[in-house]
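Have a look at the structure below before the remarks.
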Amino acid sequence: MTRDVGGDATLLVEVIDSNGDPVSSQVKASASGFHVLYTPKVVGKYTVNVRYADAEIRGSPFHPEVYDPSCVRVTDVSNGMVGKQTSFTVDASAAGDGHVTVKVNGQTSHPYVDISATSDNCYTATFEPQEAGRHQAYVLFNDIQIPGSPFDFLVLNGNSVVAKWDSSRHYPAHRPVQIELESKGTLHGKIIASVTDPYGKSVNCRVYPHGGNSVVEFVPAEVGPHCVEVFYGSEPIKGSPFMADVYDSSCVRLLNVPSLATAGEEVTLCVDTSESGLGDVDVSVVSNKIAVPTLQDQMSEFCQRFTFIPKRAADHLISVSFNGEKIPGFPFVLKVKNPVHLLEVINPNTEGVVVKSSACVLVETRGNAINPVDLEVQITGPTGELLPFKLLEMPNGGCKIEYTCRNAGLYVFKIFYHGESISGTPLYIEAFDPNRIQIDSKGSWSVGEKVLIDVDQLNAGKADIGVFVNGPRGASVPFDIFSSSQGHRIAYVPTEHGTYQTHLTYGGISIPGCPIIHNVMDSVLATVSGSGLERGIRNRLTTFTVDSKGHRGELVVQVDGPNSVAKCNIEPGSNGTYRVNYVPVEVGKYKVVILWNGKPVEGSPFHPTIIDPSKVDVVGGWQSILKSNGCWPLTIHEPNTLIFETKHAGPGHLSAEVTHDGAVLPTDIKRLDVDHYHMTFIPHSAGEHVIKIFWEDVPLPCSPVIGMAVSPVERQHLLPFSASPTAVNSDKVILAGQGLHQAKVYQRAEFVIDGTEAGYGSPDIHMVGLNCGVDVQCMPLGGQKYRCSYIPTLPGAYLLNIIWANQPIRGSPFKVTVSGGNIASKVTFRGETLRSGIIGQELRSDIDTRLAGSGELSAQCVGPTKPAFCELVDHRDGTFTLSIKPQEVGQHVLEIKYGGEHIPGSPVNIKVSGSPDASKVTARGPGLQHGILSNYQSQFVVDTTGAGAGQLTVRVRGPKDAFHVEMQRDKHKDRRIVCYFDPTEPGDYIVHIKWSGVHVPGSPFHVHIASTEAELGKFVGEGAFLQFDNHKTTPSPQQQYNSLAYFE
């Protein structure tokens, strides 16, 4: 250090280091002063005392800081990766006081370096390289480079190495597995790899260069997933670690490998891969260079089953591979033996064959292909002659033997394959000739008399005889059949008059001359009797009797009420009588239909009147006129009156009988309106009177009523008030009822006037509005009481004036507010959609109440024994949707009411039938079979008996304009429909028969109509099978669809 002090005095310098130890110094004089030199040994803060002429110079003592850049230590300098932060540590804690500076230079870039203090004079330098290559880090302490600076390191690019690897592949054990690593640009680091087997053990691997790239290679010894990790520099490359599934095809095991098989029988192979690792198993079977189809089933996670059926008795080559590698021991040859024991002879003509008609016998091979040359056939006729035949090969591998029997009798078939008799032979077939049958049935017949038919079949051969007898209405008629010396005798007893048809078949073929017609005369008709045909009482058992005069027949009874169907119970009695019971559930005129053998009996339909006497009541109730002792107080020499209401009693008339001491008093009964009667009589002497009241000649439940007659004076004493006109007090009149204050248009409003305490008198009532008046009806109830009612037609405010004995009643006139009500007659709905239905299927109809005002809509549907599901969906705009789902078959009654009143069209009778069942429909006839155009009969019969309600549709596809479909109901059986399509050109025809959109059994029927017998024989004889397209496609110009719908 140099200091200018001036003068000639002595300069003294003392230097003390950071540890307190003295440091030697050297003082040299200069022209300007003194120059002091000292060499620090340690870093830290020093103390320098300077005295001149025994005095401290200004500023002394001095405290210089000593530092040493060589004491700075740099650690953790390592290679980095592009785009990833890299850091190293700078430790300047032993270098003294100062600051650290770090700069990093790349090839072309100078990344920013962040220096952060971790402790006293210790720092971490962090930067993010932007390029690969060699980099230098410059470290300075107090702007002086420390020893070793700059520090060299490499920056690697992790994307410079990319693995070509297929993770979906499987790799074989004991063979090299390679992972190719593609290098993008120059590599500045080393590639390192490691492999671990499924058990965690390390597997030797190597990395070597190959064509400018690198390859990782290892040889797995274990089965299962191997983990391959690849690093570039210190970082894993993209996708690392890689998983390699290793398999060993030599560990695949085969179970149940057969040594011999039989053609036509299933062969099974089971492949176990539990020890071989993951992979795909493939089994192929080849015979005569033709692949045999195999089926594969996954039995468990590591076990698969392969099955196939050899078609021929020949060697089959079986190959099994695992992940494309043949497993040891395969392929191998499977021997397949002759299937003669699988062959079977089938006779499709189980009822025999018709003489001079082509027939066939089938040799069934169960899918195996055989050579017809190896078949030996011998057919022997009834007289020992050999019958010629034609042998045809079928597409399914079997054979067909065609033949034609010349005479009726027994034919013997012997069939061999490779000299061995085939199962089912010898086969015996009866040939028969329906044309040789003679029928004898002559005479006239009446109901109840036995009809006899003799069938002579001695010269016709043996076959089953079929009998079907139809009555006049198409129903089946019971019959008896007996064996006779010449054949059979058929007998049946007709139970009704009309035409009977007897259909006879022989071996399933209609016998010429059938059906046999018998016209049966009617000998007797059933008769009916009983009160249940004329009248009845609601909810009471009603009965009548049917007498069939001892004859068998079918009795049908249907009882319909005005809005309901009554359930009938028919009880058979002795000598052909039947007791019929029903319980009516509503009043009104009923309709009773009685059919005997399908015809109405004399007088049917009957119209009994059903009443309910319990619904006949005195206006105001009996309690208003009867005393506590149950008697009616009567006054002699004065009219005594009762008013009856009969609205719910059913159709009828009211009658009464009043007696006193055995004498009958005159009684006057008048009908006031539709629902009310007025009864008056005058007792002439005091005492007990017996009043009997009848509705439609049936006593009321309360009848007889006892009346006690007294004189007018005695009657006056019995009254609870004075009858004197001077005692009238209109303030004591009591009024009650909603009709005094409010009402709705077109709805009856009522109120009651009780003048019991007001004195003798009667009411006078007037009701007036702004635009019109309203007629008020007043009906006496007896005892100074009256029931009043009115029906307003316009909404608005009205005044109701009530006067009692010419005195106004307190509160009169009363203000009545009439609001708009509902008008059920203005509700509309689509009733035509609800006339018929099917059990379990929904019926829907829309209901519109928008013109009817406010009100409550209700619907109820009742079947023969239980209600149907009924739901109303409110659309919130005055419209509704009604949904009905019937639960039983039979007549249903639907009631729809609005504001408690039936809407127009209600009630609705709904006929519910069973759901359509296409499987119950049968179709048969020559029109569904092959034939020759010149004599082709195109008719066929579709029988829908038992199939429920539905739509029958017949659709025919054939040559354009070459046919016309016609359908008509069988007049003897309405569930049977006769169909024709009358072809005019040869060709292929397809007949589709559907019931409610579903094919009936056998449909579609494929019919080939040939021009000649030879053409037809060729078509059938060669075993041709036409491949028809059953899908709905557009017909070609030579074809068209004709259809006709028939609704049940």
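Within each chain, counting starts at residue 1; across the structure tokens, chains are named A, B, ... in the order shown, with ligands numbered 1 upward in that order.
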Tell me which protein, DNA and RNA residues are within 12 Å of region 926-939 of chain A, counting only C-alpha atoms, leaving out same-chain ones fewer than 2 positions away, and put them as a VMD selection string.
chain A and resid 509 to 510 922 to 924 941 to 942 956 962 to 968 977 to 993 1002 to 1017 1019 to 1020
As a ChimeraX atom specification, please: all residues of region 478-627 of chain A that backbone DSSP puts in helix (DSSP H, G or I).
/A:531-533,613-615,622-624
Output file for the residues above (N, CA, C and O atoms, as a PDB file, in the first residue's frame):
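Written output follows (out.pdb):
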ATOM      1  N   SER A 531    -139.474 -66.798 -16.593  1.00  0.00           N
ATOM      2  CA  SER A 531    -139.671 -65.360 -16.355  1.00  0.00           C
ATOM      3  C   SER A 531    -138.458 -64.543 -16.741  1.00  0.00           C
ATOM      4  O   SER A 531    -138.572 -63.343 -17.006  1.00  0.00           O
ATOM      5  N   GLY A 532    -137.278 -65.157 -16.769  1.00  0.00           N
ATOM      6  CA  GLY A 532    -136.064 -64.427 -17.114  1.00  0.00           C
ATOM      7  C   GLY A 532    -136.048 -63.916 -18.533  1.00  0.00           C
ATOM      8  O   GLY A 532    -135.165 -63.142 -18.898  1.00  0.00           O
ATOM      9  N   LEU A 533    -137.019 -64.374 -19.353  1.00  0.00           N
ATOM     10  CA  LEU A 533    -137.126 -63.865 -20.725  1.00  0.00           C
ATOM     11  C   LEU A 533    -138.019 -62.636 -20.798  1.00  0.00           C
ATOM     12  O   LEU A 533    -138.110 -62.003 -21.866  1.00  0.00           O
ATOM     13  N   PRO A 613    -137.023 -52.109  -7.789  1.00  0.00           N
ATOM     14  CA  PRO A 613    -138.044 -51.457  -6.946  1.00  0.00           C
ATOM     15  C   PRO A 613    -137.446 -50.703  -5.766  1.00  0.00           C
ATOM     16  O   PRO A 613    -138.056 -49.768  -5.257  1.00  0.00           O
ATOM     17  N   SER A 614    -136.236 -51.098  -5.344  1.00  0.00           N
ATOM     18  CA  SER A 614    -135.645 -50.404  -4.197  1.00  0.00           C
ATOM     19  C   SER A 614    -135.284 -48.962  -4.515  1.00  0.00           C
ATOM     20  O   SER A 614    -135.024 -48.168  -3.604  1.00  0.00           O
ATOM     21  N   LYS A 615    -135.224 -48.612  -5.819  1.00  0.00           N
ATOM     22  CA  LYS A 615    -134.882 -47.252  -6.216  1.00  0.00           C
ATOM     23  C   LYS A 615    -136.112 -46.339  -6.286  1.00  0.00           C
ATOM     24  O   LYS A 615    -135.984 -45.156  -6.589  1.00  0.00           O
ATOM     25  N   TRP A 622    -139.108 -41.393   3.186  1.00  0.00           N
ATOM     26  CA  TRP A 622    -140.215 -41.876   4.035  1.00  0.00           C
ATOM     27  C   TRP A 622    -140.169 -41.249   5.422  1.00  0.00           C
ATOM     28  O   TRP A 622    -141.195 -41.090   6.089  1.00  0.00           O
ATOM     29  N   GLN A 623    -138.986 -40.880   5.880  1.00  0.00           N
ATOM     30  CA  GLN A 623    -138.893 -40.310   7.218  1.00  0.00           C
ATOM     31  C   GLN A 623    -139.623 -38.996   7.358  1.00  0.00           C
ATOM     32  O   GLN A 623    -139.942 -38.540   8.473  1.00  0.00           O
ATOM     33  N   SER A 624    -139.892 -38.347   6.199  1.00  0.00           N
ATOM     34  CA  SER A 624    -140.589 -37.060   6.260  1.00  0.00           C
ATOM     35  C   SER A 624    -142.094 -37.209   6.472  1.00  0.00           C
ATOM     36  O   SER A 624    -142.770 -36.227   6.795  1.00  0.00           O
TER      37      SER A 624
END
Picked from region 700-795 of chain A by DSSP as strand (DSSP E or B), as a VMD selection string
chain A and resid 705 to 710 734 to 736 742 to 744 749 to 754 763 to 769 773 to 774 777 to 780 785 to 790
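In this comparison, which uses only C-alpha atoms, the residue of A:Gly96, A:Gly958, A:Gly381, A:Gly905 approaching Ala408 (chain A) most closely is A:Gly381.
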With only C-alpha atoms counted and 10 Å as the cut-off, give the residues of region 143-204 of chain A in contact with region 236-246 of chain A, each with its shortest interatomic distance in Å and the pair that gives it, as JSON lines.
{"residue": "A:Asn157", "atom": "CA", "partner": "A:Ile237", "partner_atom": "CA", "distance": 9.9}
{"residue": "A:Gly158", "atom": "CA", "partner": "A:Ile237", "partner_atom": "CA", "distance": 6.2}
{"residue": "A:Asn159", "atom": "CA", "partner": "A:Ile237", "partner_atom": "CA", "distance": 7.3}
{"residue": "A:Ser160", "atom": "CA", "partner": "A:Ile237", "partner_atom": "CA", "distance": 8.8}
{"residue": "A:Val161", "atom": "CA", "partner": "A:Ile237", "partner_atom": "CA", "distance": 6.6}
{"residue": "A:Val162", "atom": "CA", "partner": "A:Lys238", "partner_atom": "CA", "distance": 6.8}
{"residue": "A:Ala163", "atom": "CA", "partner": "A:Lys238", "partner_atom": "CA", "distance": 7.6}
{"residue": "A:Lys164", "atom": "CA", "partner": "A:Gly239", "partner_atom": "CA", "distance": 10.0}
{"residue": "A:Trp165", "atom": "CA", "partner": "A:Phe242", "partner_atom": "CA", "distance": 8.0}
{"residue": "A:Asp166", "atom": "CA", "partner": "A:Ala244", "partner_atom": "CA", "distance": 8.9}
{"residue": "A:Ser167", "atom": "CA", "partner": "A:Met243", "partner_atom": "CA", "distance": 6.7}
{"residue": "A:Ser168", "atom": "CA", "partner": "A:Asp245", "partner_atom": "CA", "distance": 8.5}
{"residue": "A:Arg169", "atom": "CA", "partner": "A:Asp245", "partner_atom": "CA", "distance": 7.3}
{"residue": "A:His170", "atom": "CA", "partner": "A:Asp245", "partner_atom": "CA", "distance": 5.1}
{"residue": "A:Tyr171", "atom": "CA", "partner": "A:Val246", "partner_atom": "CA", "distance": 4.7}
{"residue": "A:Pro172", "atom": "CA", "partner": "A:Val246", "partner_atom": "CA", "distance": 5.5}
{"residue": "A:Ala173", "atom": "CA", "partner": "A:Val246", "partner_atom": "CA", "distance": 5.8}
{"residue": "A:His174", "atom": "CA", "partner": "A:Val246", "partner_atom": "CA", "distance": 9.4}
{"residue": "A:Arg175", "atom": "CA", "partner": "A:Val246", "partner_atom": "CA", "distance": 9.9}
{"residue": "A:Val177", "atom": "CA", "partner": "A:Ala244", "partner_atom": "CA", "distance": 8.6}
{"residue": "A:Ile179", "atom": "CA", "partner": "A:Phe242", "partner_atom": "CA", "distance": 9.3}
{"residue": "A:Leu181", "atom": "CA", "partner": "A:Ile237", "partner_atom": "CA", "distance": 9.8}
{"residue": "A:Ile191", "atom": "CA", "partner": "A:Ile237", "partner_atom": "CA", "distance": 9.4}
{"residue": "A:Ile192", "atom": "CA", "partner": "A:Pro236", "partner_atom": "CA", "distance": 9.1}
{"residue": "A:Ala193", "atom": "CA", "partner": "A:Pro236", "partner_atom": "CA", "distance": 9.3}
{"residue": "A:Ser194", "atom": "CA", "partner": "A:Pro241", "partner_atom": "CA", "distance": 9.4}
{"residue": "A:Val195", "atom": "CA", "partner": "A:Pro241", "partner_atom": "CA", "distance": 9.3}
{"residue": "A:Thr196", "atom": "CA", "partner": "A:Met243", "partner_atom": "CA", "distance": 9.8}
{"residue": "A:Asp197", "atom": "CA", "partner": "A:Ala244", "partner_atom": "CA", "distance": 9.5}
{"residue": "A:Pro198", "atom": "CA", "partner": "A:Asp245", "partner_atom": "CA", "distance": 9.6}
Would you pick out the contacts of Val345 (chain A) at 7 Å or less, using only C-alpha atoms, so that residues sharing its chain but fewer than 2 positions from it are not included, and give the list as a ChimeraX atom specification?
/A:343,347,362-364,422-425
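Closest approach to Glu275 (chain A) among A:Gly224, A:Gly498, A:Pro633, A:Pro639 is made by A:Gly224 (distances from only C-alpha atoms).
What separates CA of Tyr38 (chain A) from CA of Val23 (chain A) is a distance of 7.1 Å.
In this model, the gap between CA of Thr641 (chain A) and CA of Gly588 (chain A) comes to 28.1 Å.
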